[in-house]
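With compact mmCIF, C-alpha atoms inside, this is model_37.txt:
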```
# COMPACT_ATOMS: atom_id res chain seq x y z
CA MET A 218 10.95 4.48 -40.04
CA ALA A 219 8.43 6.26 -37.80
CA ILE A 220 9.63 7.44 -34.40
CA LYS A 221 7.96 5.62 -31.53
CA LYS A 222 5.92 7.49 -28.93
CA VAL A 223 6.53 6.86 -25.23
CA PHE A 224 4.25 7.82 -22.35
CA VAL A 225 5.04 8.10 -18.63
CA SER A 226 2.92 9.50 -15.83
CA GLY A 227 3.51 10.63 -12.27
CA CYS A 228 3.41 13.47 -9.75
CA TYR A 229 6.99 14.75 -10.27
CA ASP A 230 6.83 16.88 -7.16
CA LEU A 231 10.27 17.82 -5.83
CA LEU A 232 11.85 17.03 -9.21
CA HIS A 233 15.16 15.23 -8.59
CA SER A 234 17.93 13.27 -10.32
CA GLY A 235 15.97 10.02 -10.10
CA HIS A 236 13.18 11.54 -12.20
CA VAL A 237 15.65 12.81 -14.79
CA ALA A 238 17.39 9.41 -14.97
CA PHE A 239 13.97 7.80 -15.51
CA PHE A 240 13.12 10.29 -18.28
CA LYS A 241 16.50 9.65 -19.90
CA GLU A 242 16.04 5.88 -19.93
CA ALA A 243 12.42 6.11 -21.12
CA SER A 244 13.33 8.51 -23.94
CA ALA A 245 15.65 5.86 -25.39
CA TYR A 246 12.49 4.09 -26.63
CA GLY A 247 11.18 7.11 -28.57
CA ASP A 248 9.73 10.61 -28.17
CA LEU A 249 8.80 11.01 -24.52
CA TYR A 250 5.47 12.47 -23.39
CA VAL A 251 4.89 13.03 -19.67
CA GLY A 252 1.49 13.11 -17.95
CA ILE A 253 1.55 14.97 -14.64
CA GLY A 254 -0.92 14.45 -11.80
CA SER A 255 -2.94 17.54 -10.96
CA ASP A 256 -2.81 19.23 -7.56
CA ALA A 257 -6.33 17.93 -6.86
CA THR A 258 -5.40 14.34 -7.74
CA ILE A 259 -2.34 14.34 -5.47
CA GLN A 260 -4.37 15.80 -2.63
CA GLU A 261 -6.92 13.01 -3.11
CA LEU A 262 -4.41 10.16 -3.33
CA LYS A 263 -1.77 11.30 -0.84
CA ASN A 264 -3.84 13.43 1.53
CA ARG A 265 -1.29 16.23 1.30
CA PRO A 266 -0.75 19.29 -0.87
CA THR A 267 2.06 19.37 -3.40
CA VAL A 268 5.24 21.29 -2.65
CA ASN A 269 5.18 22.72 -6.17
CA SER A 270 1.96 23.58 -8.00
CA GLU A 271 0.93 21.74 -11.15
CA GLN A 272 1.97 24.66 -13.33
CA GLU A 273 5.43 24.79 -11.71
CA ARG A 274 5.83 21.04 -12.10
CA LEU A 275 4.73 21.24 -15.74
CA TYR A 276 7.27 24.01 -16.39
CA MET A 277 10.12 22.02 -14.83
CA VAL A 278 9.31 18.72 -16.55
CA ARG A 279 9.04 20.43 -19.94
CA ALA A 280 12.48 21.95 -19.32
CA VAL A 281 14.12 18.50 -19.09
CA ARG A 282 15.87 17.84 -22.40
CA TYR A 283 14.73 14.22 -22.65
CA VAL A 284 11.05 15.25 -22.62
CA THR A 285 9.29 15.93 -25.95
CA ASP A 286 6.20 17.39 -24.26
CA ALA A 287 4.31 17.29 -20.96
CA PHE A 288 0.75 18.03 -19.84
CA ILE A 289 -1.48 17.90 -16.77
CA ASN A 290 -3.59 14.75 -16.70
CA SER A 291 -7.26 15.66 -17.01
CA GLY A 292 -8.66 12.78 -14.95
CA SER A 293 -8.59 12.01 -11.26
CA GLY A 294 -7.55 9.11 -9.07
CA ILE A 295 -4.80 6.58 -9.62
CA MET A 296 -5.64 6.21 -13.36
CA ASP A 297 -5.95 9.96 -14.02
CA PHE A 298 -4.16 9.69 -17.39
CA MET A 299 -6.75 7.61 -19.26
CA ASP A 300 -7.98 10.36 -21.62
CA GLU A 301 -4.42 11.39 -22.44
CA LEU A 302 -3.35 7.78 -23.03
CA GLU A 303 -6.21 7.14 -25.45
CA HIS A 304 -5.58 10.43 -27.28
CA LEU A 305 -1.80 10.05 -27.52
CA LYS A 306 -1.88 6.36 -28.56
CA PRO A 307 1.75 5.73 -27.54
CA ASP A 308 3.72 2.67 -28.56
CA TYR A 309 5.06 2.26 -25.03
CA PHE A 310 3.78 3.05 -21.54
CA ILE A 311 6.83 3.00 -19.27
CA VAL A 312 6.77 2.75 -15.46
CA ASN A 313 9.32 2.05 -12.76
CA GLU A 314 8.93 -0.85 -10.35
CA ASP A 315 6.97 1.25 -7.84
CA GLY A 316 4.65 2.51 -10.57
CA TYR A 317 3.56 -0.86 -11.95
CA SER A 318 0.01 -2.00 -11.30
CA PRO A 319 -2.19 -4.77 -12.71
CA GLU A 320 -4.71 -2.13 -13.80
CA LYS A 321 -2.09 -0.42 -15.98
CA LYS A 322 -1.21 -3.78 -17.52
CA ARG A 323 -4.88 -4.47 -18.25
CA VAL A 324 -5.40 -1.05 -19.86
CA CYS A 325 -2.29 -1.42 -22.04
CA GLU A 326 -3.42 -4.83 -23.26
CA LEU A 327 -6.84 -3.38 -24.07
CA LEU A 328 -5.36 -0.44 -26.04
CA GLY A 329 -2.56 -2.39 -27.73
CA ILE A 330 0.22 -0.52 -25.90
CA GLU A 331 3.41 -2.24 -24.73
CA LEU A 332 4.01 -1.80 -20.99
CA LYS A 333 7.65 -1.67 -19.92
CA VAL A 334 8.85 -1.76 -16.31
CA LEU A 335 12.21 -0.14 -15.55
CA GLN A 336 14.34 -0.60 -12.46
CA ARG A 337 15.37 2.37 -10.32
CA ILE A 338 19.03 2.81 -11.31
CA PRO A 339 20.80 6.08 -10.42
CA ASP A 340 22.55 7.76 -13.34
CA ALA A 341 26.21 8.83 -13.46
CA ASP A 342 27.07 7.40 -10.01
CA LEU A 343 24.53 9.69 -8.35
CA PRO A 344 22.83 8.60 -5.11
CA GLU A 345 19.53 6.74 -5.37
CA ARG A 346 16.66 9.21 -5.10
CA SER A 347 12.91 9.08 -4.54
CA THR A 348 10.44 11.83 -3.72
CA THR A 349 9.44 9.94 -0.58
CA ALA A 350 13.03 9.81 0.65
CA LEU A 351 13.41 13.55 0.10
CA ARG A 352 10.11 14.32 1.81
CA THR A 353 10.75 12.08 4.79
CA ASN A 354 14.08 13.71 5.60
CA GLY A 355 12.69 15.93 8.34
CA ILE A 356 9.04 15.60 7.35
CA CYS A 357 7.32 12.35 8.38
CA ASN A 358 8.96 9.03 9.18
CA LEU A 359 5.92 7.39 10.72
CA PRO A 360 5.60 3.70 9.74
CA TYR A 361 2.78 2.06 7.83
CA ARG A 362 1.06 -1.18 8.88
CA ILE A 363 0.59 -4.49 7.06
CA ASP A 364 -2.20 -6.85 8.14
CA LEU A 365 -0.36 -10.17 7.95
CA ALA A 366 -2.88 -12.62 9.44
CA GLY A 367 -5.84 -12.87 11.79
CA THR A 368 -7.06 -9.30 11.66
CA TRP A 369 -10.76 -8.57 12.17
CA ILE A 370 -10.30 -10.47 15.44
CA ASP A 371 -9.60 -7.06 17.01
CA GLN A 372 -13.32 -6.27 16.78
CA PRO A 373 -15.35 -7.60 19.76
CA TYR A 374 -18.23 -8.60 17.50
CA VAL A 375 -15.76 -11.07 15.95
CA SER A 376 -13.79 -12.23 19.01
CA GLU A 377 -17.02 -12.98 20.90
CA PHE A 378 -17.16 -16.12 18.73
CA GLY A 379 -13.61 -17.11 19.67
CA ALA A 380 -10.51 -15.36 21.02
CA GLY A 381 -7.36 -15.22 18.94
CA TRP A 382 -4.28 -13.42 17.67
CA ALA A 383 -3.89 -10.74 15.01
CA ILE A 384 -0.47 -10.41 13.35
CA THR A 385 0.83 -7.11 11.99
CA VAL A 386 4.10 -5.83 10.55
CA SER A 387 5.43 -2.29 10.94
CA LEU A 388 6.75 -1.00 7.61
CA GLU A 389 9.16 1.90 7.16
CA PRO A 390 8.01 4.50 4.56
CA VAL A 391 10.25 3.58 1.61
CA VAL A 392 7.50 4.67 -0.79
CA GLU A 393 4.49 6.90 -0.19
CA TYR A 394 1.34 4.78 -0.23
CA ASN A 395 -1.98 6.12 -1.47
CA GLU A 396 -4.81 6.90 0.90
CA ARG A 397 -7.28 4.03 1.52
CA CYS A 398 -4.80 1.45 0.21
CA GLY A 399 -4.92 -1.02 3.09
CA MET A 400 -1.79 0.28 4.84
CA SER A 401 -3.68 1.89 7.74
CA THR A 402 -3.32 5.39 6.28
CA SER A 403 -6.29 6.76 8.27
CA THR A 404 -4.70 5.77 11.58
CA ARG A 405 -1.33 7.05 10.34
CA ASN A 406 -2.98 10.39 9.54
CA ALA A 407 -4.29 10.49 13.11
CA ALA A 408 -0.77 9.72 14.36
CA LYS A 409 0.58 12.67 12.36
CA LYS A 410 -1.58 15.00 14.43
CA LEU A 411 0.05 13.69 17.60
CA TRP A 412 3.58 13.23 16.28
CA PRO A 413 4.07 15.06 12.94
CA TYR A 414 7.62 13.88 12.25
CA GLN A 415 8.34 10.58 13.99
CA LEU A 416 7.29 8.40 16.91
CA PRO A 417 8.50 9.68 20.32
CA MET A 418 11.09 7.76 22.30
CA GLU A 419 8.52 6.12 24.53
CA LYS A 420 7.46 2.53 25.17
CA PRO A 421 5.88 1.41 21.85
CA GLU A 422 2.89 -0.26 23.52
CA LYS A 423 2.12 2.95 25.38
CA LEU A 424 2.26 4.93 22.13
CA ALA A 425 -0.09 2.44 20.47
CA GLU A 426 -2.60 2.84 23.30
CA ILE A 427 -2.38 6.63 23.12
CA LEU A 428 -2.98 6.55 19.35
CA PHE A 429 -5.87 4.09 19.68
CA LYS A 430 -7.63 6.28 22.25
CA TYR A 431 -6.92 9.44 20.26
CA GLU A 432 -8.38 8.04 17.04
CA ASN A 433 -11.43 6.56 18.75
CA GLU A 434 -12.93 9.42 20.70
CA PRO A 435 -15.63 8.67 23.31
CA GLY A 436 -18.97 8.19 21.59
CA SER A 437 -17.51 6.99 18.26
CA GLU A 438 -19.98 4.70 16.48
CA LEU A 439 -17.34 2.84 14.47
CA ILE A 440 -14.20 1.87 16.40
CA SER A 441 -10.99 1.56 14.41
CA GLY A 442 -9.33 -1.70 15.44
CA ALA A 443 -6.33 -1.64 17.76
CA GLN A 444 -4.33 -3.62 15.19
CA ASP A 445 -3.87 -0.37 13.24
CA SER A 446 -2.31 1.63 16.06
CA ILE A 447 -0.26 -1.36 17.24
CA GLY A 448 0.99 -2.04 13.71
CA ILE A 449 2.14 1.56 13.34
CA CYS A 450 3.61 2.15 16.80
CA MET A 451 5.19 -1.22 17.60
CA PRO A 452 8.23 -2.08 15.44
CA GLY A 453 8.95 -5.43 13.86
CA LEU A 454 6.57 -8.37 13.69
CA VAL A 455 3.86 -8.23 16.35
CA ARG A 456 0.96 -10.41 17.39
CA HIS A 457 -1.82 -9.29 19.74
CA TYR A 458 -4.47 -11.42 21.44
CA TYR A 459 -8.13 -10.33 21.55
CA ASP A 460 -10.94 -11.71 23.63
CA LYS A 461 -14.25 -9.80 23.50
CA ASP A 462 -12.56 -6.42 23.89
CA TYR A 463 -11.12 -3.65 21.72
CA TRP A 464 -7.69 -3.71 23.36
CA PRO A 465 -5.65 -6.96 23.33
CA LYS A 466 -5.06 -9.05 26.44
CA LYS A 467 -1.49 -9.89 25.36
CA ILE A 468 1.08 -8.49 22.92
CA GLU A 469 4.22 -10.25 21.68
CA SER A 470 6.93 -8.89 19.35
CA ILE A 471 9.71 -10.33 17.22
CA HIS A 472 12.79 -8.27 16.40
CA ASP A 473 15.12 -11.07 15.33
CA GLU A 474 16.80 -9.77 12.18
CA SER A 475 17.06 -13.20 10.56
CA ILE A 476 13.31 -13.80 10.94
CA LEU A 477 12.36 -10.34 9.72
CA SER A 478 14.72 -10.66 6.74
CA TRP A 479 13.26 -14.07 5.89
CA LEU A 480 9.77 -12.60 5.95
CA GLU A 481 10.83 -9.62 3.80
CA GLN A 482 12.35 -11.94 1.20
CA HIS A 483 9.05 -13.78 0.76
CA ILE A 484 6.51 -10.96 0.62
CA TYR A 485 5.95 -9.13 -2.65
CA MET A 486 3.60 -6.15 -2.68
CA VAL A 487 1.53 -5.13 -5.69
CA MET A 488 -0.05 -1.69 -5.78
CA LEU A 489 -3.75 -1.85 -6.62
CA TRP A 490 -6.11 1.10 -6.15
CA PRO A 491 -7.64 2.90 -3.17
CA ARG A 492 -10.63 1.39 -1.42
CA GLU A 493 -13.80 2.49 -3.14
CA SER A 494 -15.52 5.46 -1.55
CA GLY A 495 -18.60 4.47 0.41
CA LEU A 496 -17.70 0.78 0.58
CA ASP A 497 -19.68 -0.81 3.43
CA LEU A 498 -17.89 -3.93 4.63
CA LEU A 499 -20.54 -4.60 7.30
CA LYS A 500 -23.51 -4.65 4.95
CA GLU A 501 -23.18 -8.41 4.44
CA THR A 502 -21.30 -10.51 7.01
CA TYR A 503 -21.03 -14.16 7.96
CA ILE A 504 -19.47 -14.03 11.43
CA ASN A 505 -19.89 -17.27 13.35
CA GLU A 506 -17.87 -19.68 15.45
CA GLN A 507 -16.74 -21.78 12.51
CA ASN A 508 -15.48 -18.86 10.42
CA VAL A 509 -13.76 -17.16 13.34
CA GLN A 510 -12.04 -20.46 14.15
CA MET A 511 -10.73 -20.49 10.56
CA LEU A 512 -9.30 -17.01 11.11
CA THR A 513 -7.65 -17.66 14.48
CA SER A 514 -6.27 -21.04 13.43
CA ALA A 515 -4.64 -19.49 10.36
CA ALA A 516 -3.01 -16.78 12.48
CA ASN A 517 -1.58 -19.36 14.90
CA ARG A 518 -0.14 -21.42 12.06
CA ALA A 519 1.27 -18.36 10.31
CA TRP A 520 3.10 -17.20 13.45
CA ASN A 521 4.65 -20.61 14.13
CA ALA A 522 5.65 -21.03 10.49
CA ILE A 523 7.43 -17.66 10.53
CA LEU A 524 9.37 -18.65 13.64
CA GLU A 525 10.37 -21.90 11.91
CA LYS A 526 10.96 -20.13 8.57
CA ASP A 527 8.75 -22.73 6.93
CA LEU A 528 7.62 -21.12 3.70
CA GLU A 529 5.15 -23.80 2.62
CA VAL A 530 3.28 -23.79 5.94
CA PHE A 531 3.38 -20.00 6.14
CA ALA A 532 1.95 -19.62 2.63
CA LYS A 533 -0.92 -21.98 3.43
CA ALA A 534 -1.75 -20.11 6.66
CA PHE A 535 -1.38 -16.72 4.93
CA LYS A 536 -3.92 -17.69 2.27
CA ASP A 537 -6.21 -19.34 4.82
CA SER A 538 -6.28 -16.13 6.84
CA PHE A 539 -7.38 -14.18 3.78
CA ASN A 540 -10.01 -16.77 2.87
CA ALA A 541 -11.40 -16.56 6.40
CA GLN A 542 -11.55 -12.76 6.17
CA ILE A 543 -13.41 -12.69 2.88
CA THR A 544 -15.73 -15.49 3.99
CA MET A 545 -16.84 -13.31 6.92
CA PHE A 546 -16.68 -10.02 4.98
CA PRO A 547 -17.24 -10.78 1.27
CA ALA A 548 -17.30 -7.08 0.29
CA MET A 549 -13.51 -6.97 0.91
CA VAL A 550 -13.05 -8.26 -2.64
CA ASN A 551 -14.68 -7.58 -5.99
CA ASN A 552 -14.21 -8.76 -9.56
CA LYS A 553 -11.27 -6.41 -10.17
CA ILE A 554 -9.37 -7.70 -7.14
CA ASN A 555 -10.18 -11.30 -8.04
CA ASP A 556 -8.89 -10.73 -11.57
CA VAL A 557 -5.55 -9.50 -10.18
CA ILE A 558 -5.30 -12.49 -7.86
CA GLU A 559 -6.03 -14.81 -10.78
CA SER A 560 -3.25 -13.21 -12.83
CA TYR A 561 -0.64 -14.03 -10.17
CA LYS A 562 -1.73 -17.54 -9.18
CA GLU A 563 0.90 -19.23 -11.36
CA GLU A 564 3.71 -17.16 -9.83
CA VAL A 565 3.00 -17.11 -6.08
CA LEU A 566 2.21 -19.51 -3.24
CA ALA A 567 -0.41 -17.33 -1.54
CA TRP A 568 -2.04 -13.91 -1.60
CA LYS A 569 -4.04 -11.47 0.51
CA LEU A 570 -4.78 -7.77 0.78
CA ALA A 571 -2.46 -5.68 2.95
CA GLY A 572 -5.44 -4.51 5.02
CA ALA A 573 -8.76 -5.90 6.13
CA GLY A 574 -10.77 -2.98 4.76
CA GLY A 575 -10.81 -3.77 1.05
CA GLY A 576 -7.96 -1.50 -0.13
CA GLY A 577 -4.92 -2.78 -1.94
```

Rewrite the structure of this file - the entire thing - as structure tokens.
Amino acid sequence: MAIKKVFVSGCYDLLHSGHVAFFKEASAYGDLYVGIGSDATIQELKNRPTVNSEQERLYMVRAVRYVTDAFINSGSGIMDFMDELEHLKPDYFIVNEDGYSPEKKRVCELLGIELKVLQRIPDADLPERSTTALRTNGICNLPYRIDLAGTWIDQPYVSEFGAGWAITVSLEPVVEYNERCGMSTSTRNAAKKLWPYQLPMEKPEKLAEILFKYENEPGSELISGAQDSIGICMPGLVRHYYDKDYWPKKIESIHDESILSWLEQHIYMVMLWPRESGLDLLKETYINEQNVQMLTSAANRAWNAILEKDLEVFAKAFKDSFNAQITMFPAMVNNKINDVIESYKEEVLAWKLAGAGGGG
């Protein structure tokens, strides 16, 4: 009986027990081959250099006894392993829960490879490990931001057709998100220049205003919306009211643990791919009173449904907010994104991108 071939791919920077446990479990399916992201790819996706060079990482991964062989992926971007995958022709492509993506599923179906998703389970009673957790101990604990509903209203050329609320969620960095993935990474990168490790112990709204002004220097042609800085600097669930101005007239926050836990239990995030370089969301727009009313109405209903913990009403408002966004800015989505949405429609009540800028 022929031995099966197994393929996994990742950065494997700061090699730790979680990586080894993953290699051990994956190798149970056959001979394990590991594709490693190049230094250039990691710089592109994470906007940071690696701690260990690609040659050091290759040396360490090859030294793990569960690994048959390892190599540096020759491609770039989030699917940098394509040439290696087609050349190796493995029986299995194995990922953990954080590493799954619809694009990997599509590629495996196209190539006749079985995709397996493993849970993160520490081996031998060891503590749970991730590279992000190791890096953020003393490196950068700045939050990310999720656009929950109503965003785009933070731009005056939208709110001039009708004032309304934007709703954002501040998200602790449990995993390291790729650049241009809809999690406000550009504003977070600006925040790192002000506060490299964590947010100062100051009033959150004041920090958000400082960050907004820092990112948008006088004379800037394109103004990054205030929802990004507010979503990063203000903890919990926050809504902010815009009326023909870049900074909101009112800000309200929710820190009730039962509400936040309810929301966390009903949001499932799927990693897509970074926003395409050069994407112009303003090239074709349909901003008018009717469409802005769709956006602001959805945000109002979403907020009230969250307070009431009414999942059905929240899901309808969540989807309506996304539909209003893409009606005004159709370039937010493309055929690839629509294909992913279609693949989940039987499993979920609603869907939207984590940001308004077309990333995922």

(message) When you look at region 377-387 of chain A with a cut-off of 10 Å (counting all atoms listed in the file), what residues show up, excluding the ones that are within fewer than 6 positions of it in the same chain? I need them as a VMD selection string.
(response) chain A and resid 359 to 371 400 443 to 445 447 to 462 465 to 471 477 480 504 to 510 512 to 517 519 to 520 571 to 572

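From CA of Ser560 (chain A) back to CA of Val530 (chain A), the distance works out to 22.5 Å.
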
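For the residues A:Glu501, A:Glu434, A:Glu271, A:Glu261, ranking by smallest atom-to-atom distance to Asn395 (chain A) using only C-alpha atoms places A:Glu261 first.
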
(request) Considering all atoms listed in the file, state which residue in the set A:Ile440, A:Lys420, A:Lys263, A:Ile523 is at the smallest distance from Arg405 (chain A). (result) A:Lys263

(request) Just the residues within 12 Å of Ser478 (chain A), please, counting all atoms listed in the file, with nothing from its chain fewer than 3 positions along; format it as a VMD selection string. (result) chain A and resid 453 to 454 471 to 475 481 to 484 523 to 524 526

Please, what is the axis-aligned box for every listed atom of region 358-365 of chain A with 5 Å on each side, as centre and edge lengths in Å to one decimal, as JSON?
```
{"center_x": 3.4, "center_y": -0.6, "center_z": 8.9, "size_x": 21.2, "size_y": 29.2, "size_z": 13.7}
```

(message) What's the separation between CA of Pro547 (chain A) and CA of Met511 (chain A), in Å to one decimal place?
(response) 14.9 Å

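CA of Cys325 (chain A) is found 26.0 Å from CA of Ala567 (chain A).
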
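Residues of protein, DNA or RNA having at least one counted atom within 12 Å of (-0.2, 8.5, -29.9), given only C-alpha atoms, are Ala219, Ile220, Lys221, Lys222, Val223, Phe224, Gly247, Asp248, Leu249, Tyr250, Asp300, Glu301, Leu302, Glu303, His304, Leu305, Lys306, Pro307, Asp308, Tyr309, Phe310, Leu328, Gly329 and Ile330 of chain A.
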
(message) Between A:Leu528, A:Met277, A:Cys398, A:Ile289, which residue has the minimum interatomic distance to Asp256 (chain A), considering only C-alpha atoms?
(response) A:Ile289

Just add N, CA and C atoms to region 449-460 of chain A and send it as a PDB file, in the coordinates of the input.
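Written output follows (rebuild_1.pdb):
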```
ATOM      1  N   ILE A 449       1.371   0.356  13.625  1.00  0.00           N
ATOM      2  CA  ILE A 449       2.140   1.560  13.340  1.00  0.00           C
ATOM      3  C   ILE A 449       3.163   1.851  14.433  1.00  0.00           C
ATOM      4  N   CYS A 450       2.771   1.706  15.689  1.00  0.00           N
ATOM      5  CA  CYS A 450       3.610   2.150  16.800  1.00  0.00           C
ATOM      6  C   CYS A 450       4.597   1.101  17.298  1.00  0.00           C
ATOM      7  N   MET A 451       4.326  -0.173  17.064  1.00  0.00           N
ATOM      8  CA  MET A 451       5.190  -1.220  17.600  1.00  0.00           C
ATOM      9  C   MET A 451       6.035  -1.811  16.471  1.00  0.00           C
ATOM     10  N   PRO A 452       7.349  -1.657  16.545  1.00  0.00           N
ATOM     11  CA  PRO A 452       8.230  -2.080  15.440  1.00  0.00           C
ATOM     12  C   PRO A 452       8.308  -3.590  15.302  1.00  0.00           C
ATOM     13  N   GLY A 453       8.736  -4.014  14.114  1.00  0.00           N
ATOM     14  CA  GLY A 453       8.950  -5.430  13.860  1.00  0.00           C
ATOM     15  C   GLY A 453       7.680  -6.183  13.558  1.00  0.00           C
ATOM     16  N   LEU A 454       7.703  -7.470  13.872  1.00  0.00           N
ATOM     17  CA  LEU A 454       6.570  -8.370  13.690  1.00  0.00           C
ATOM     18  C   LEU A 454       5.881  -8.529  15.034  1.00  0.00           C
ATOM     19  N   VAL A 455       4.572  -8.272  15.076  1.00  0.00           N
ATOM     20  CA  VAL A 455       3.860  -8.230  16.350  1.00  0.00           C
ATOM     21  C   VAL A 455       2.570  -9.043  16.249  1.00  0.00           C
ATOM     22  N   ARG A 456       2.275  -9.795  17.326  1.00  0.00           N
ATOM     23  CA  ARG A 456       0.960 -10.410  17.390  1.00  0.00           C
ATOM     24  C   ARG A 456       0.282  -9.973  18.687  1.00  0.00           C
ATOM     25  N   HIS A 457      -1.061  -9.827  18.620  1.00  0.00           N
ATOM     26  CA  HIS A 457      -1.820  -9.290  19.740  1.00  0.00           C
ATOM     27  C   HIS A 457      -3.095 -10.106  19.888  1.00  0.00           C
ATOM     28  N   TYR A 458      -3.419 -10.446  21.143  1.00  0.00           N
ATOM     29  CA  TYR A 458      -4.470 -11.420  21.440  1.00  0.00           C
ATOM     30  C   TYR A 458      -5.731 -10.725  21.932  1.00  0.00           C
ATOM     31  N   TYR A 459      -6.864 -11.005  21.254  1.00  0.00           N
ATOM     32  CA  TYR A 459      -8.130 -10.330  21.550  1.00  0.00           C
ATOM     33  C   TYR A 459      -9.160 -11.327  22.059  1.00  0.00           C
ATOM     34  N   ASP A 460      -9.912 -10.872  23.051  1.00  0.00           N
ATOM     35  CA  ASP A 460     -10.940 -11.710  23.630  1.00  0.00           C
ATOM     36  C   ASP A 460     -12.106 -10.827  24.104  1.00  0.00           C
TER      37      ASP A 460
END
```
